[in-house]
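Trainee: Structure file start16.cif (mmCIF, C-alpha atoms) is given on the next line.
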```
data_structure
loop_
_atom_site.label_atom_id
_atom_site.label_comp_id
_atom_site.auth_asym_id
_atom_site.auth_seq_id
_atom_site.Cartn_x
_atom_site.Cartn_y
_atom_site.Cartn_z
CA MET A 1 73.75 0.56 4.14
CA SER A 2 76.56 3.10 4.04
CA GLY A 3 78.11 3.97 0.73
CA THR A 4 81.48 2.50 1.68
CA ASP A 5 80.79 -1.01 0.47
CA PHE A 6 79.73 0.40 -2.88
CA ASP A 7 82.80 -0.94 -4.60
CA SER A 8 83.08 -4.25 -2.74
CA PRO A 9 82.68 -7.09 -5.22
CA ASP A 10 79.92 -8.83 -3.30
CA ALA A 11 77.91 -11.39 -5.08
CA GLY A 12 74.13 -11.20 -5.27
CA GLY A 13 73.15 -8.61 -2.67
CA GLY A 14 76.01 -6.40 -3.63
CA ARG A 15 74.81 -6.24 -7.16
CA GLY A 16 71.37 -5.30 -6.05
CA LYS A 17 72.70 -2.48 -4.01
CA GLN A 18 74.67 -1.19 -6.85
CA HIS A 19 71.68 -1.28 -9.08
CA LYS A 20 69.59 0.65 -6.59
CA SER A 21 72.18 3.33 -6.19
CA VAL A 22 72.36 3.86 -9.88
CA LYS A 23 68.61 4.20 -10.13
CA LYS A 24 68.49 6.74 -7.33
CA ALA A 25 70.93 8.89 -9.09
CA GLY A 26 68.81 8.79 -12.20
CA VAL A 27 65.25 9.53 -11.05
CA LYS A 28 64.76 11.11 -7.72
CA ILE A 29 61.20 11.81 -6.64
CA ASP A 30 60.78 14.06 -3.67
CA MET A 31 57.81 12.68 -1.72
CA THR A 32 57.69 15.47 0.83
CA PRO A 33 55.10 17.75 -0.83
CA MET A 34 52.88 14.79 -1.57
CA VAL A 35 53.06 13.57 1.99
CA ASP A 36 52.30 17.10 3.15
CA VAL A 37 49.21 17.33 1.00
CA ILE A 38 48.01 13.86 1.97
CA MET A 39 48.54 14.66 5.63
CA LEU A 40 46.45 17.79 5.26
CA LEU A 41 43.66 15.93 3.51
CA LEU A 42 43.80 13.20 6.12
CA THR A 43 43.49 15.66 8.97
CA PHE A 44 40.60 17.36 7.21
CA PHE A 45 38.65 14.16 6.69
CA MET A 46 39.41 12.89 10.18
CA LEU A 47 38.01 16.07 11.64
CA THR A 48 34.90 16.23 9.48
CA THR A 49 33.74 12.64 9.76
CA THR A 50 31.18 11.49 12.23
CA LEU A 51 31.72 7.87 12.98
CA SER A 52 29.17 6.89 15.58
CA LYS A 53 25.88 6.79 13.78
CA PRO A 54 22.83 7.08 15.95
CA GLN A 55 20.38 4.21 16.19
CA VAL A 56 16.64 4.35 16.33
CA MET A 57 13.93 3.32 18.72
CA ARG A 58 10.64 2.69 17.01
CA ILE A 59 7.44 3.81 18.69
CA ASN A 60 3.94 2.89 17.62
CA LEU A 61 1.24 5.11 19.00
CA PRO A 62 -2.28 3.70 19.16
CA LYS A 63 -4.37 4.58 16.14
CA GLY A 64 -7.73 4.59 17.88
CA GLU A 65 -9.74 7.61 18.88
CA GLU A 66 -9.44 8.96 22.37
CA LYS A 67 -13.05 8.08 23.08
CA ASP A 68 -12.55 4.42 22.24
CA LYS A 69 -12.07 3.37 25.83
CA LEU A 70 -10.60 0.00 26.49
CA LYS A 71 -11.51 -2.04 29.52
CA VAL A 72 -8.42 -3.45 31.17
CA ASP A 73 -8.15 -6.01 33.91
CA MET A 74 -6.30 -4.13 36.61
CA GLY A 75 -4.63 -7.40 37.60
CA THR A 76 -2.53 -7.23 34.43
CA VAL A 77 -1.40 -3.70 35.00
CA LEU A 78 1.93 -2.46 36.22
CA PHE A 79 2.00 1.27 36.72
CA VAL A 80 5.33 2.98 36.27
CA ARG A 81 5.09 6.41 37.74
CA VAL A 82 8.03 8.75 37.52
CA SER A 83 8.39 11.86 39.61
CA GLU A 84 9.73 15.24 38.58
CA LYS A 85 13.11 14.29 40.01
CA GLY A 86 13.22 11.17 37.88
CA ASN A 87 12.56 8.69 40.69
CA ILE A 88 10.80 5.62 39.38
CA TYR A 89 7.99 3.95 41.31
CA THR A 90 6.15 0.83 40.26
CA PHE A 91 2.70 -0.15 41.46
CA ARG A 92 1.13 -3.51 40.64
CA GLY A 93 -2.60 -3.50 40.14
CA ASN A 94 -5.04 -6.02 41.61
CA SER A 95 -7.96 -7.45 39.67
CA ASP A 96 -10.40 -5.71 42.04
CA GLY A 97 -9.06 -2.31 40.94
CA SER A 98 -6.85 -1.56 43.92
CA GLU A 99 -3.11 -1.18 43.80
CA GLN A 100 -0.39 -3.01 45.66
CA PRO A 101 2.13 -1.06 47.71
CA VAL A 102 4.66 1.05 45.93
CA GLU A 103 8.13 -0.13 45.07
CA LYS A 104 10.96 2.18 44.17
CA VAL A 105 13.17 0.86 41.40
CA ASP A 106 16.36 1.95 39.81
CA VAL A 107 16.36 2.49 36.05
CA LYS A 108 18.63 -0.47 35.39
CA ASP A 109 16.46 -2.78 37.47
CA ILE A 110 13.27 -2.14 35.52
CA LYS A 111 13.99 -4.96 33.11
CA VAL A 112 14.24 -7.51 35.91
CA LYS A 113 11.21 -6.03 37.64
CA LEU A 114 9.12 -6.31 34.47
CA GLU A 115 10.18 -9.88 33.90
CA THR A 116 9.33 -10.81 37.51
CA VAL A 117 5.90 -9.22 37.32
CA ALA A 118 5.26 -10.81 33.92
CA ALA A 119 6.12 -14.22 35.40
CA LEU A 120 3.86 -13.64 38.40
CA ASN A 121 1.01 -12.57 36.13
CA LYS A 122 1.54 -15.60 33.96
CA GLN A 123 0.91 -17.88 36.93
CA LYS A 124 -2.55 -16.33 37.08
CA ASN A 125 -2.92 -16.57 33.30
CA LEU A 126 -2.72 -12.85 32.91
CA ASP A 127 -0.78 -10.74 30.47
CA LEU A 128 1.25 -7.76 31.46
CA LEU A 129 0.31 -4.24 30.51
CA VAL A 130 2.72 -1.51 31.49
CA LEU A 131 1.17 1.89 32.00
CA LEU A 132 3.63 4.72 31.99
CA LYS A 133 2.81 7.88 33.84
CA PHE A 134 5.56 10.41 33.54
CA ASP A 135 5.78 13.79 35.17
CA ARG A 136 5.95 16.59 32.62
CA LYS A 137 9.08 18.02 34.20
CA MET A 138 10.93 14.73 34.02
CA LYS A 139 13.86 14.47 31.65
CA TYR A 140 13.48 13.01 28.17
CA LYS A 141 16.54 10.89 28.88
CA THR A 142 14.68 9.04 31.63
CA MET A 143 11.88 8.19 29.23
CA VAL A 144 14.32 6.77 26.69
CA GLU A 145 16.05 4.74 29.38
CA ILE A 146 12.77 3.29 30.61
CA LEU A 147 11.62 2.44 27.08
CA ASP A 148 15.02 0.88 26.47
CA GLN A 149 14.58 -1.33 29.52
CA ILE A 150 11.11 -2.36 28.34
CA ASN A 151 12.47 -3.18 24.90
CA MET A 152 15.22 -5.30 26.40
CA ALA A 153 12.95 -7.16 28.79
CA ASN A 154 11.87 -10.60 27.71
CA ILE A 155 8.14 -9.86 27.90
CA ASP A 156 5.22 -8.99 25.67
CA LYS A 157 5.93 -5.40 24.91
CA LYS A 158 2.61 -3.86 25.68
CA TYR A 159 2.83 -0.42 27.15
CA ALA A 160 0.96 2.83 27.01
CA PHE A 161 1.64 6.41 27.90
CA LEU A 162 -0.94 7.93 30.19
CA LYS A 163 -1.29 11.40 31.52
CA MET A 164 -0.08 12.03 35.04
CA GLU A 165 -3.24 12.93 36.92
CA GLU A 166 -3.60 14.56 40.34
CA GLU A 167 -4.16 11.15 41.85
CA ASP A 168 -0.93 9.81 40.39
CA LEU A 169 0.97 12.83 41.56
CA LYS A 170 -0.33 12.24 45.07
CA LYS A 171 0.82 8.64 45.00
CA VAL A 172 4.26 9.62 43.81
CA ASN A 173 4.58 12.31 46.43
CA GLU A 174 3.50 9.91 49.15
CA ALA A 175 6.20 7.52 48.00
CA GLY A 176 8.87 10.19 48.33
CA GLY A 177 8.62 12.40 45.23
CA MET B 1 77.49 21.64 -1.40
CA LYS B 2 76.64 18.62 -3.39
CA LYS B 3 79.16 16.58 -1.54
CA ILE B 4 77.74 17.43 1.87
CA ARG B 5 74.26 16.47 0.78
CA ASP B 6 75.46 13.15 -0.47
CA ILE B 7 77.18 12.36 2.75
CA LYS B 8 74.12 13.27 4.76
CA LYS B 9 71.97 11.02 2.69
CA ALA B 10 74.28 8.17 3.25
CA ASP B 11 73.98 8.62 7.01
CA ILE B 12 70.25 8.89 7.70
CA LYS B 13 67.88 7.48 5.21
CA ILE B 14 64.22 7.32 6.13
CA ASP B 15 62.05 5.29 3.88
CA MET B 16 58.79 7.17 3.61
CA THR B 17 56.99 4.57 1.50
CA PRO B 18 55.30 2.54 4.28
CA MET B 19 54.16 5.71 5.99
CA VAL B 20 52.74 7.08 2.78
CA ASP B 21 51.01 3.74 2.20
CA VAL B 22 49.37 3.78 5.61
CA ILE B 23 48.38 7.41 5.33
CA MET B 24 46.91 6.76 1.91
CA LEU B 25 44.83 3.91 3.33
CA LEU B 26 43.59 6.05 6.21
CA LEU B 27 42.83 8.86 3.81
CA THR B 28 40.79 6.61 1.54
CA PHE B 29 38.90 5.24 4.53
CA PHE B 30 37.98 8.65 5.88
CA MET B 31 37.13 9.97 2.42
CA LEU B 32 34.72 7.12 1.87
CA THR B 33 33.11 7.29 5.29
CA ALA B 34 32.83 11.05 5.48
CA THR B 35 29.42 12.62 5.50
CA PHE B 36 29.28 16.31 5.14
CA LYS B 37 27.09 18.78 6.83
CA ILE B 38 25.63 21.28 4.49
CA VAL B 39 25.46 24.58 6.28
CA GLU B 40 22.10 25.57 4.86
CA SER B 41 20.39 22.39 5.91
CA ALA B 42 22.28 22.09 9.16
CA ALA B 43 20.36 20.20 11.76
CA VAL B 44 19.51 21.56 15.15
CA GLU B 45 22.19 20.24 17.47
CA VAL B 46 21.06 18.14 20.38
CA THR B 47 22.70 15.69 22.74
CA LEU B 48 21.00 12.39 22.12
CA PRO B 49 20.21 10.13 25.04
CA LYS B 50 21.85 6.73 25.20
CA SER B 51 20.14 3.40 24.84
CA SER B 52 21.52 -0.10 24.68
CA ASP B 53 18.67 -1.94 23.03
CA ALA B 54 19.86 -4.25 20.31
CA ASP B 55 17.63 -2.66 17.71
CA THR B 56 20.29 -1.87 15.16
CA SER B 57 17.85 -0.94 12.44
CA LYS B 58 19.32 1.73 10.28
CA VAL B 59 18.36 5.31 10.63
CA PRO B 60 16.15 6.23 7.71
CA ASP B 61 17.81 8.89 5.59
CA THR B 62 15.32 9.72 2.87
CA LYS B 63 11.64 10.68 2.84
CA LEU B 64 12.17 12.13 6.24
CA MET B 65 10.35 14.36 8.59
CA THR B 66 12.72 15.33 11.35
CA ILE B 67 11.34 16.60 14.61
CA THR B 68 13.94 17.96 16.97
CA LEU B 69 13.21 18.59 20.60
CA THR B 70 15.73 20.93 22.17
CA LYS B 71 16.73 21.29 25.79
CA SER B 72 14.61 24.41 26.20
CA GLY B 73 11.50 22.63 24.95
CA ASP B 74 11.39 24.06 21.43
CA ILE B 75 10.20 21.67 18.77
CA PHE B 76 11.79 22.09 15.36
CA LEU B 77 9.92 20.64 12.42
CA ASP B 78 11.86 19.88 9.27
CA VAL B 79 11.45 17.88 6.08
CA ASP B 80 14.19 16.72 3.74
CA ASN B 81 12.49 17.85 0.56
CA PRO B 82 13.40 21.46 -0.40
CA VAL B 83 10.27 21.89 -2.54
CA LEU B 84 8.04 20.94 0.34
CA ARG B 85 10.07 23.14 2.64
CA LYS B 86 9.52 26.12 0.39
CA GLU B 87 5.82 25.44 0.29
CA LEU B 88 5.43 25.00 4.02
CA PHE B 89 8.02 27.24 5.59
CA GLY B 90 8.48 29.80 2.79
CA ASP B 91 12.08 28.97 2.01
CA GLU B 92 14.05 26.10 0.54
CA TYR B 93 16.00 25.90 3.79
CA GLY B 94 13.12 26.84 6.04
CA ILE B 95 12.30 25.13 9.30
CA GLY B 96 9.34 25.44 11.63
CA VAL B 97 9.53 25.91 15.37
CA TYR B 98 6.83 25.43 17.97
CA HIS B 99 6.94 25.74 21.74
CA PRO B 100 4.23 23.63 23.33
CA ASP B 101 4.73 24.41 26.98
CA SER B 102 3.09 27.70 27.92
CA LEU B 103 4.82 27.74 31.30
CA THR B 104 8.28 28.13 29.85
CA GLN B 105 9.68 30.50 27.26
CA SER B 106 10.86 29.45 23.86
CA GLU B 107 14.58 29.94 23.65
CA PHE B 108 14.34 30.64 19.96
CA LYS B 109 11.63 33.24 20.30
CA THR B 110 13.31 35.15 23.12
CA SER B 111 16.92 35.08 21.93
CA GLY B 112 16.82 33.85 18.34
CA LYS B 113 19.37 31.24 19.29
CA VAL B 114 19.33 27.48 19.51
CA GLY B 115 21.31 25.95 22.35
CA GLY B 116 23.18 29.24 22.75
CA GLN B 117 24.25 29.19 19.12
CA ASP B 118 23.09 31.33 16.24
CA PHE B 119 20.85 29.47 13.89
CA LYS B 120 21.41 30.20 10.22
CA ARG B 121 18.29 28.80 8.60
CA PRO B 122 15.17 30.87 8.07
CA VAL B 123 12.73 29.89 10.78
CA MET B 124 8.96 30.07 10.76
CA PHE B 125 7.48 30.38 14.22
CA LEU B 126 4.34 28.34 14.76
CA PRO B 127 2.63 30.00 17.71
CA THR B 128 -0.22 27.59 18.33
CA LYS B 129 -0.81 23.88 18.59
CA GLY B 130 -3.29 24.19 15.73
CA GLU B 131 -0.68 25.62 13.39
CA PHE B 132 1.88 23.02 14.38
CA GLU B 133 -0.59 20.21 13.74
CA LYS B 134 -1.63 21.81 10.45
CA LYS B 135 1.99 21.63 9.30
CA LEU B 136 2.24 18.02 10.45
CA SER B 137 -0.88 17.13 8.48
CA ASP B 138 0.33 19.08 5.44
CA ILE B 139 3.64 17.24 5.47
CA LYS B 140 1.83 13.94 5.63
CA ALA B 141 -0.59 14.96 2.88
CA LYS B 142 1.99 16.43 0.50
CA GLY B 143 4.87 14.23 1.51
CA PRO B 144 6.31 11.21 -0.27
CA ARG B 145 4.08 8.31 -1.31
CA ASP B 146 4.81 4.70 -2.12
CA GLU B 147 3.56 2.86 -5.23
CA LYS B 148 0.21 2.18 -3.64
CA GLY B 149 -0.33 5.84 -2.82
CA ASN B 150 0.13 5.43 0.90
CA SER B 151 2.26 7.89 2.77
CA ALA B 152 5.87 6.77 2.76
CA LEU B 153 6.91 9.50 5.15
CA ARG B 154 9.26 8.43 7.90
CA ILE B 155 9.35 10.34 11.11
CA VAL B 156 12.47 10.76 13.16
CA VAL B 157 12.34 12.33 16.59
CA LYS B 158 15.60 13.71 17.92
CA GLY B 159 15.20 14.66 21.52
CA ASP B 160 17.81 16.26 23.72
CA GLN B 161 18.56 14.10 26.72
CA ASP B 162 17.88 16.98 29.09
CA ALA B 163 14.64 18.08 27.49
CA ASP B 164 11.50 17.97 29.60
CA PHE B 165 9.18 15.06 29.04
CA GLY B 166 6.26 17.50 28.92
CA ALA B 167 7.22 18.73 25.47
CA MET B 168 7.55 15.13 24.31
CA GLU B 169 4.13 14.33 25.73
CA ASP B 170 2.63 17.23 23.78
CA LEU B 171 4.51 16.19 20.67
CA MET B 172 3.20 12.63 20.94
CA ALA B 173 -0.33 13.97 21.39
CA SER B 174 0.06 16.11 18.27
CA LEU B 175 1.50 13.23 16.27
CA LYS B 176 -1.36 11.02 17.32
CA GLU B 177 -3.85 13.74 16.47
CA THR B 178 -2.42 14.00 12.96
CA ARG B 179 -2.34 10.22 12.46
CA ASN B 180 1.43 10.03 12.46
CA THR B 181 1.45 7.08 14.77
CA VAL B 182 4.76 5.47 13.88
CA PHE B 183 7.95 7.29 14.57
CA ASN B 184 11.59 6.61 15.32
CA MET B 185 13.41 8.07 18.26
CA LEU B 186 17.08 8.66 17.67
CA THR B 187 19.48 7.51 20.36
CA GLN B 188 23.16 7.01 20.75
CA LEU B 189 24.46 3.52 21.43
CA LYS B 190 25.29 3.03 25.06
CA ARG B 191 28.61 1.41 25.76
CA GLU B 192 28.31 -1.07 28.57
CA LYS B 193 30.84 -0.68 31.34
CA ASN B 194 31.78 -4.25 32.08
#
```
So that I can check it, write out the structure of this file as structure tokens.
Mentor:
Amino acid sequence: MSGTDFDSPDAGGGRGKQHKSVKKAGVKIDMTPMVDVIMLLLTFFMLTTTLSKPQVMRINLPKGEEKDKLKVDMGTVLFVRVSEKGNIYTFRGNSDGSEQPVEKVDVKDIKVKLETVAALNKQKNLDLLVLLKFDRKMKYKTMVEILDQINMANIDKKYAFLKMEEEDLKKVNEAGG
Amino acid sequence: MKKIRDIKKADIKIDMTPMVDVIMLLLTFFMLTATFKIVESAAVEVTLPKSSDADTSKVPDTKLMTITLTKSGDIFLDVDNPVLRKELFGDEYGIGVYHPDSLTQSEFKTSGKVGGQDFKRPVMFLPTKGEFEKKLSDIKAKGPRDEKGNSALRIVVKGDQDADFGAMEDLMASLKETRNTVFNMLTQLKREKN
């Protein structure tokens, strides 16, 4: 590539080289300012873009009036009670209105838990209704994670938010808070 | 002088063309994907919680009512239509704020800040649940309609991951009260660690 072989009478490639050299001498475009400007623009756009677009989780609240009470077979119910600290406790209901002993579950195990309970209920020809009772001081993040697990679980997605009553609070505290 | 330059050139020659090509491509890409924040309609910044559900439905971006729940439990109420904003919040860039939990203090009311940052938009403080729900109903009543005359308003809830659930519970109660029963919660896609 050095200029020394400029005069060598090479065939083909040599001619090309010669041609190029002549051109360079004629029009010389300095790219540096353009590259500078483009670099600046590039940096600007790289810094101002937001690439990870958020996704959405759709929630349908019941349309009915508060006084329209619905009778539910307690045998279909799985209570998910969450304490202030974010500990998650599940309680299965019995058809006679009582509740089975508490089970503490980890957030990432809720999906499996729901599927197991749904399968057990199915043996008795019952649906699954998940009743969520969240402590007011619990983090919003926990709620999203639980809803996410419910959405991912391969079950009928029937769930409802209920207020955490004194009674629920007692149960949660008994289970370890 | 000229001679020296010529010699130098002969020694090191860097071809900038491929680099310029690549940079140009990158530039075009970022120019096309860029979305700008307009200062006046800047959103309230929150850290969204993560979810991994495969619901990849797109985030609605028009006919919006945005409800933002901050870490301190303030609820910001915003619509994307400046005319409606002016009517409801008294300014084309106005935004409403409501603090449902009486046990805690509204960060905005006590310090005028949001998440420790100054907030530039004119804010209307909604002191009671009644006023907050009135605004919700007004937005639904005066908001966008589809061809059949039904409300085409889409509700997006942006909650901070560290916000208390209590505020969300109150918000859901208010939404239900005002017949806004369908809403979208914004989350960030969780990357599985496998």
Trainee: Can you work out the spacing between CA of Pro62 in chain A and CA of Leu147 in chain A in Å, to one decimal?
Mentor: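 One can read the CA of Pro62 in chain A to CA of Leu147 in chain A distance as 16.0 Å.
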Trainee: Which residues match the PyMOL selection byres ((chain B) within 9 of (chain A)) in the file above, as a PyMOL selection string?
Mentor: chain B and resi 7+10-11+16-17+19-20+23-24+26-28+30-31+33-37+48-60+156+159-169+172+175-177+179-189
Trainee: Give me, please, the distance in Å between CA of Ser95 in chain A and CA of Val107 in chain A, quoted to one decimal.
Mentor: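 Those two atoms sit 26.5 Å apart.
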Trainee: Using the chain letters and numbers from the file, which residues does the PyMOL selection byres ((chain B and resi 117) around 12) grab, as a short mmCIF file (atom, residue, chain, number, x, y, z; two decimals) with C-alpha atoms, in the coordinates of the input?
Mentor:
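Saved file selection_32.cif follows:
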```cif
data_model
loop_
_atom_site.label_atom_id
_atom_site.label_comp_id
_atom_site.auth_asym_id
_atom_site.auth_seq_id
_atom_site.Cartn_x
_atom_site.Cartn_y
_atom_site.Cartn_z
CA VAL B 44 19.51 21.56 15.15
CA GLU B 45 22.19 20.24 17.47
CA VAL B 46 21.06 18.14 20.38
CA GLU B 107 14.58 29.94 23.65
CA PHE B 108 14.34 30.64 19.96
CA SER B 111 16.92 35.08 21.93
CA GLY B 112 16.82 33.85 18.34
CA LYS B 113 19.37 31.24 19.29
CA VAL B 114 19.33 27.48 19.51
CA GLY B 115 21.31 25.95 22.35
CA GLY B 116 23.18 29.24 22.75
CA ASP B 118 23.09 31.33 16.24
CA PHE B 119 20.85 29.47 13.89
CA LYS B 120 21.41 30.20 10.22
#
```
Trainee: Using the chain letters and numbers from the file, which residues does the PyMOL selection byres ((chain B and resi 73) around 7) grab, as a list in words?
Mentor: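 Listing what the PyMOL selection byres ((chain B and resi 73) around 7) selects in the shown file: Leu69, Thr70, Lys71, Ser72, Asp74, Ile75, His99, Ser106, Ala163, Asp164 and Ala167 of chain B.
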Trainee: Please provide as a list in words all residues within 9 Å of Lys134 in chain B, with the sequence filter that same-chain residues fewer than 5 positions apart are discarded (counting only C-alpha atoms).
Mentor: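 Here the qualifying residues turn out to be Lys129, Ile139 and Thr178 of chain B.
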Trainee: Quick one: pull the distance between CA of Asp168 in chain A and CA of Arg81 in chain A, Å, one decimal.
Mentor: 7.4 Å
